[in-house]
Amino acid sequence: MLLSTKSILSAKELSKQDIQHILDTADSFKEISTRAIKKVPTLRGKTIINLFFEPSTRTRTSFEIAGKRLSADVINISGSTSSTVKGENLIDTAQNLEAMNPDIMVVRHQCSGAPALLSQFIDCPIINAGDGAHEHPSQALLDLMTIRSQKGYLEGLNVAIVGDINHSRVARSNIKAMQTMGMKVRIVGPPTLIPADFERLGVEVSHNLAEAVKDVDVVMVLRIQLERQNQGLLSSLREYSNYFCLTSESLAKARDDVLIIHPGPVNRGIEIALDVMESPRSLILNQVTNGVAIRMALFYLLLGENNANPN
Amino acid sequence: MQTLIKNGRVIDPANQIDGAFDILINNGKIEAVAPKGKISGSKINDAQIIDAKGCVVAPGFCDMHVHFREPGHEYKETIETGSASAAAGGFSTVAVMPNTSPVNDNRSVTELIISQAEKTGLVNIYPIGAITKGLKGETLSDMGELKESGCIGYSDDGKPVMNSELMRRALEYSRMFDLPCIQHSEILDLTRGGCMNEGIVSIELGLKGMPVEAEDIMVFRDICLLPKTGGRLHVAHISSGGAVDLVRQAKAKGLPVTCEVAPHHFTLTEEACRNYDTNAKMSPPLRTQADIESIKEGLRDGTIDIIATDHAPHDLADKQVEFDNACFGIVGLETALPLTLKLVDEKVITLQRAVDLLTQQPCRIFNLDKGTLGVGKDADIVIFNPDTKYTIEPENFKSRSKNSPYKGWKVRGKVLHTIVAGKSVYSDPNE
């Protein structure tokens, strides 16, 4: 079965069927990473370019390992080494790379919409690995995979996303993907980080963490960017922590089986307390492990199951 | 050299004419306007005849807000290509904004623009001078020198005058020269880094929004400065329903404020930015349907004085980039007529009022002896067929730039001839 999209530009454009298919495929790929020889020949002879205009360790490494475990050749290009520092236009850079016949381009860019722009000018499939404050679809998929692997299902689950919603591509992708899967989303944070119009996305808005996590199945904590304080969006990180750090106290009224996830990197003690992070309810490292499987699944499905080499 | 335009429907709001009239042009001036078939005699025997059957004959349109990019950004537009674009859109008169490089804040730049316009010889070009030197918002430009060398108004367009004290002084000082101060109304503290209207679409796209309040607050501040200063305020490209209300209230108090609206602000909403279409990136940004309704009400009740395009040509290199990095603006001159006629189709305004908004009213605000078909006046005339249907194709624009979100729109109303001082400066190629 093929995905309904040629590229993965946003979670918004993925259908329920697409998401289920990606999660199922990722589940089946997960085992490869536990083998002694962590490599299958599925994408041998395929070339994947990681084009990262923004610093990233986790996501870039995850895509790179995913490609390599499927035997693809993976090339990493970072913003500082690319020609854009010489003034080359983004489209020119991508078209030049495409002229070398890659099979997939994974793009991270600080501007919202940059992968969508590129998709109009290059033919090879693109995976959006995070664009500005817009979307980070593979993150949402690995989050769903992590939740599903614990709960066994997604439909009807309640999720609270806590933190800097307005600047978060992870929040946007998760809101869309979770809604597609029939989940209910509540967003939690100070009003300066949740503009009023967010409610129109069909989410519930709360500014009280302890109340907001009371009846949810999952709490997703977002990284708080330290620079928000200088932008006048936070009075101080200290006060932010007082109200929105996920601690044992703020989880006091939560369900015992509540799951805690975080897309990383974590500011320990600022948005999440150390004991919560290390409690059995926390799935933060499972997310990272699942991220590789999700990205393997995306490569495999985008290149077409028929197009790939047999195992 | 005489020209006789006959069989047309003449709409000349300045002279309260709307009907079947013929117009005789002699030596670049309007010689006679008379009921159909009444201009006769030996003197018209060798006149060139333009048959305007089925067409509207009106004063050439006047756009008081265009950017022709010369000097400094000739790769986007020049006075020559901008003039050709104006002529193709039915405009015989335009006012060019001072955000060129160098900025038009002194006599030498004003004179350069006027001399280039004369060399081009297509449409009447009037420069707008800067309110502040270098558009820096720090010190007033020499407004007297600018007027003496040919400027017809003052503006830091593209940049608002943020400093309230400075704006107060600009309104006071400009009074001496009886020219309006044109404000690009935007509180920059509220819009910094923004690239589209703040709302549900900016949230979904993850783009930084420019809240509508940024416009409302600036319009309100400037209106507050009027009673004491006695200056004349012209609000450029109004885009917010709240700002329309503020202008309406100020006018009711008799304050000397006028405003303009650009066609994109009554035909498109923020929805046009979806898919990160940089051709829909404007400043002020495309707003919401509710704002459009308020703007239409403002056009209906006279709160909005004129239609101006904010013609802002940009090269592909400035538009075919990330939305955040794209320039603001749209090629406006060649789509203004059909977009304005949509207001007539929707019965927001009458055809006479549409012509009025594009002719007499702008000339009233800017003290120009234009926008009329009065006998003895310059023969600046547009002939358009309001019923001709066609598809907008930016690649055929005369403008050097093609940035338009209207590509593929099926519209009605086509310019067939534009005449400036008796001389044809544009004829539809199919005519």
# chains A, B, ... in the order shown; residues from 1 in each chain; ligands from 1
$ interface_residues --of "chain A" --to "chain B" --cutoff "10 Å" --atoms "only C-alpha atoms" --output "ChimeraX atom specification"
/A:12,89-91,109-118,131-135,166-169,172-173,176,194-201
$ residues_around --residues "B:Val382" --least-positions-apart "2" --cutoff "8 Å" --atoms "only C-alpha atoms" --output "PyMOL selection string"
chain B and resi 57-61+90-92+380+384+415-419
$ write_last_selection --atoms "N, CA, C and O atoms" --output "JSON list (two decimals), in the first residue's frame"
[["chain", "number", "residue", "atom", "x", "y", "z"],
["B", 57, "VAL", "N", -16.28, 55.66, -21.33],
["B", 57, "VAL", "CA", -15.23, 56.66, -21.54],
["B", 57, "VAL", "C", -15.17, 57.50, -20.28],
["B", 57, "VAL", "O", -16.17, 58.08, -19.87],
["B", 58, "ALA", "N", -14.00, 57.51, -19.64],
["B", 58, "ALA", "CA", -13.89, 58.18, -18.34],
["B", 58, "ALA", "C", -12.58, 58.94, -18.28],
["B", 58, "ALA", "O", -11.68, 58.72, -19.10],
["B", 59, "PRO", "N", -12.47, 59.83, -17.30],
["B", 59, "PRO", "CA", -11.15, 60.44, -17.10],
["B", 59, "PRO", "C", -10.13, 59.34, -16.83],
["B", 59, "PRO", "O", -10.47, 58.33, -16.20],
["B", 60, "GLY", "N", -8.91, 59.51, -17.29],
["B", 60, "GLY", "CA", -7.88, 58.52, -17.01],
["B", 60, "GLY", "C", -7.78, 58.31, -15.51],
["B", 60, "GLY", "O", -7.93, 59.25, -14.72],
["B", 61, "PHE", "N", -7.55, 57.05, -15.10],
["B", 61, "PHE", "CA", -7.49, 56.75, -13.67],
["B", 61, "PHE", "C", -6.25, 57.38, -13.03],
["B", 61, "PHE", "O", -5.23, 57.58, -13.71],
["B", 90, "GLY", "N", -5.11, 51.52, -17.48],
["B", 90, "GLY", "CA", -6.06, 52.62, -17.64],
["B", 90, "GLY", "C", -5.71, 53.85, -16.82],
["B", 90, "GLY", "O", -6.51, 54.78, -16.71],
["B", 91, "PHE", "N", -4.53, 53.85, -16.22],
["B", 91, "PHE", "CA", -4.11, 54.97, -15.39],
["B", 91, "PHE", "C", -3.32, 55.99, -16.21],
["B", 91, "PHE", "O", -2.37, 55.64, -16.90],
["B", 92, "SER", "N", -3.72, 57.24, -16.10],
["B", 92, "SER", "CA", -3.00, 58.31, -16.80],
["B", 92, "SER", "C", -2.15, 59.12, -15.83],
["B", 92, "SER", "O", -1.30, 59.88, -16.24],
["B", 380, "ASP", "N", -6.82, 63.49, -20.64],
["B", 380, "ASP", "CA", -6.39, 62.22, -20.04],
["B", 380, "ASP", "C", -7.64, 61.35, -19.94],
["B", 380, "ASP", "O", -8.54, 61.65, -19.14],
["B", 384, "PHE", "N", -12.81, 51.85, -21.51],
["B", 384, "PHE", "CA", -12.80, 50.43, -21.14],
["B", 384, "PHE", "C", -14.14, 49.79, -21.40],
["B", 384, "PHE", "O", -15.17, 50.44, -21.38],
["B", 415, "VAL", "N", -9.40, 47.37, -20.18],
["B", 415, "VAL", "CA", -8.99, 48.66, -20.73],
["B", 415, "VAL", "C", -8.69, 48.49, -22.21],
["B", 415, "VAL", "O", -7.93, 47.60, -22.61],
["B", 416, "LEU", "N", -9.29, 49.35, -23.04],
["B", 416, "LEU", "CA", -9.03, 49.28, -24.48],
["B", 416, "LEU", "C", -8.09, 50.39, -24.93],
["B", 416, "LEU", "O", -7.25, 50.18, -25.81],
["B", 417, "HIS", "N", -8.26, 51.57, -24.37],
["B", 417, "HIS", "CA", -7.39, 52.69, -24.74],
["B", 417, "HIS", "C", -7.08, 53.53, -23.51],
["B", 417, "HIS", "O", -7.97, 53.78, -22.70],
["B", 418, "THR", "N", -5.85, 53.98, -23.43],
["B", 418, "THR", "CA", -5.51, 54.99, -22.44],
["B", 418, "THR", "C", -4.87, 56.15, -23.20],
["B", 418, "THR", "O", -3.97, 55.95, -24.03],
["B", 419, "ILE", "N", -5.39, 57.34, -22.93],
["B", 419, "ILE", "CA", -4.94, 58.53, -23.64],
["B", 419, "ILE", "C", -4.42, 59.52, -22.61],
["B", 419, "ILE", "O", -5.07, 59.76, -21.58]]
$ select_by_dssp --residues "stretch 241-388 of chain B" --states "strand (DSSP E or B)" --output "PyMOL selection string"
chain B and resi 257-261+306-307+311+330+378+381-388
$ atom_distance --atom1 "atom CA of B:Leu358" --atom2 "atom CA of B:Lys370"
11.1 Å
$ residues_around --residues "A:Val205" --least-positions-apart "4" --cutoff "12 Å" --atoms "only C-alpha atoms" --output "list in words"
Val159, Ala160, Ile161, Val162, Gly163, Ile165, Lys184, Val185, Arg186, Ile187, Val188, Gly189, Pro190, Pro191, Leu193, Ile194, Pro195, Ala196, Asp197, Phe198, Glu199, Arg200, Leu201, Leu209, Glu211, Ala212 and Val213 of chain A
$ write_last_selection --atoms "N, CA, C and O atoms" --output "compact mmCIF listing (two decimals), in the first residue's frame"
# COMPACT_ATOMS: atom_id res chain seq x y z
N VAL A 159 -5.01 13.89 25.55
CA VAL A 159 -3.62 14.31 25.65
C VAL A 159 -3.56 15.77 26.09
O VAL A 159 -4.34 16.60 25.63
N ALA A 160 -2.62 16.06 26.99
CA ALA A 160 -2.34 17.47 27.32
C ALA A 160 -0.94 17.79 26.78
O ALA A 160 0.01 17.06 27.05
N ILE A 161 -0.86 18.86 26.00
CA ILE A 161 0.45 19.32 25.51
C ILE A 161 0.78 20.59 26.30
O ILE A 161 0.00 21.54 26.30
N VAL A 162 1.93 20.59 26.95
CA VAL A 162 2.26 21.66 27.89
C VAL A 162 3.47 22.44 27.42
O VAL A 162 4.50 21.85 27.09
N GLY A 163 3.35 23.77 27.39
CA GLY A 163 4.55 24.57 27.13
C GLY A 163 4.34 25.66 26.11
O GLY A 163 3.28 26.28 26.04
N ILE A 165 3.37 26.54 23.12
CA ILE A 165 2.58 26.02 22.01
C ILE A 165 2.80 26.86 20.75
O ILE A 165 2.97 26.33 19.65
N LYS A 184 -8.28 13.48 21.74
CA LYS A 184 -8.66 14.83 22.17
C LYS A 184 -7.45 15.54 22.76
O LYS A 184 -6.74 14.97 23.59
N VAL A 185 -7.23 16.77 22.31
CA VAL A 185 -6.03 17.49 22.72
C VAL A 185 -6.39 18.71 23.55
O VAL A 185 -7.29 19.48 23.21
N ARG A 186 -5.63 18.87 24.62
CA ARG A 186 -5.75 20.06 25.45
C ARG A 186 -4.38 20.73 25.44
O ARG A 186 -3.37 20.04 25.60
N ILE A 187 -4.33 22.02 25.25
CA ILE A 187 -3.02 22.69 25.27
C ILE A 187 -2.92 23.55 26.52
O ILE A 187 -3.89 24.20 26.92
N VAL A 188 -1.74 23.54 27.09
CA VAL A 188 -1.56 24.13 28.42
C VAL A 188 -0.33 25.03 28.41
O VAL A 188 0.75 24.61 27.95
N GLY A 189 -0.48 26.24 28.91
CA GLY A 189 0.66 27.14 28.99
C GLY A 189 0.17 28.53 29.31
O GLY A 189 -1.04 28.76 29.40
N PRO A 190 1.09 29.47 29.47
CA PRO A 190 0.66 30.85 29.73
C PRO A 190 0.05 31.45 28.46
O PRO A 190 0.43 31.07 27.36
N PRO A 191 -0.89 32.38 28.60
CA PRO A 191 -1.55 32.97 27.42
C PRO A 191 -0.56 33.61 26.43
O PRO A 191 -0.85 33.69 25.24
N LEU A 193 1.99 32.36 25.33
CA LEU A 193 2.50 31.33 24.43
C LEU A 193 1.37 30.55 23.76
O LEU A 193 1.62 29.59 23.04
N ILE A 194 0.14 30.98 24.00
CA ILE A 194 -1.03 30.36 23.34
C ILE A 194 -1.96 31.46 22.85
O ILE A 194 -2.88 31.87 23.57
N PRO A 195 -1.75 31.98 21.66
CA PRO A 195 -2.66 33.03 21.15
C PRO A 195 -4.10 32.52 21.09
O PRO A 195 -4.34 31.33 20.92
N ALA A 196 -5.02 33.46 21.24
CA ALA A 196 -6.43 33.11 21.36
C ALA A 196 -6.94 32.23 20.23
O ALA A 196 -7.75 31.33 20.45
N ASP A 197 -6.45 32.48 19.02
CA ASP A 197 -7.00 31.76 17.87
C ASP A 197 -6.71 30.26 17.89
O ASP A 197 -7.27 29.51 17.09
N PHE A 198 -5.81 29.82 18.79
CA PHE A 198 -5.50 28.38 18.83
C PHE A 198 -6.74 27.54 19.08
O PHE A 198 -6.85 26.41 18.61
N GLU A 199 -7.68 28.10 19.83
CA GLU A 199 -8.90 27.36 20.14
C GLU A 199 -9.63 26.93 18.87
O GLU A 199 -10.30 25.91 18.84
N ARG A 200 -9.44 27.72 17.82
CA ARG A 200 -10.13 27.40 16.57
C ARG A 200 -9.58 26.16 15.90
O ARG A 200 -10.12 25.68 14.91
N LEU A 201 -8.46 25.63 16.41
CA LEU A 201 -7.96 24.36 15.88
C LEU A 201 -8.73 23.18 16.47
O LEU A 201 -8.44 22.03 16.16
N LEU A 209 -1.91 23.88 35.03
CA LEU A 209 -1.31 22.58 34.74
C LEU A 209 -1.93 21.45 35.56
O LEU A 209 -2.31 20.42 35.01
N GLU A 211 -4.79 21.12 37.00
CA GLU A 211 -6.15 20.79 36.58
C GLU A 211 -6.15 20.13 35.21
O GLU A 211 -6.90 19.20 34.95
N ALA A 212 -5.28 20.63 34.34
CA ALA A 212 -5.29 20.19 32.95
C ALA A 212 -4.84 18.74 32.80
O ALA A 212 -5.24 18.07 31.85
N VAL A 213 -4.01 18.26 33.71
CA VAL A 213 -3.50 16.89 33.55
C VAL A 213 -4.34 15.86 34.29
O VAL A 213 -4.05 14.67 34.27
$ residues_around --residues "B:Glu293" --least-positions-apart "5" --cutoff "12 Å" --atoms "only C-alpha atoms" --output "list in words"
Ser239, Ser240, Gly241, Gly242, Val244, Asp245, His265, Phe266, Thr267, Leu268, Thr269, Arg287, Thr288, Gly298, Leu299, Arg300, Leu343, Glu346 and Val348 of chain B
$ closest_residue --among "B:Lys133, B:Arg364, B:Lys342, B:His67" --to "B:Ile152" --atoms "only C-alpha atoms"
B:Arg364
$ residues_around --residues "A:Ile126" --least-positions-apart "6" --cutoff "8 Å" --atoms "only C-alpha atoms" --output "list in words"
Lys6, Ser7, Ile8, Leu9, Ile104, Met105, Val106, Val107, Pro115 and Ser119 of chain A
$ select_by_dssp --residues "stretch 44-280 of chain A" --states "helix (DSSP H, G or I)" --output "ChimeraX atom specification"
/A:58-69,83-86,90-98,114-119,137-151,169-180,191-193,196-201,209-212,226-228,237-244,274-277
$ atom_distance --atom1 "atom CA of A:Gly130" --atom2 "atom CA of A:Glu239"
28.8 Å
$ residues_around --residues "stretch 61-75 of chain A" --least-positions-apart "2" --cutoff "7 Å" --atoms "only C-alpha atoms" --output "list in words"
Lys38, Lys39, Val40, Pro41, Thr42, Leu43, Arg44, Gly45, Lys46, Thr47, Ile48, Ile49, Asn50, Thr57, Arg58, Thr59, Ile77, Gly291, Val292, Ala293, Arg295 and Met296 of chain A
$ residues_around --residues "B:Leu179" --least-positions-apart "6" --cutoff "8 Å" --atoms "only C-alpha atoms" --output "PyMOL selection string"
chain B and resi 152-154+232+366
$ atom_distance --atom1 "atom CA of A:Leu303" --atom2 "atom CA of A:Met178"
25.2 Å
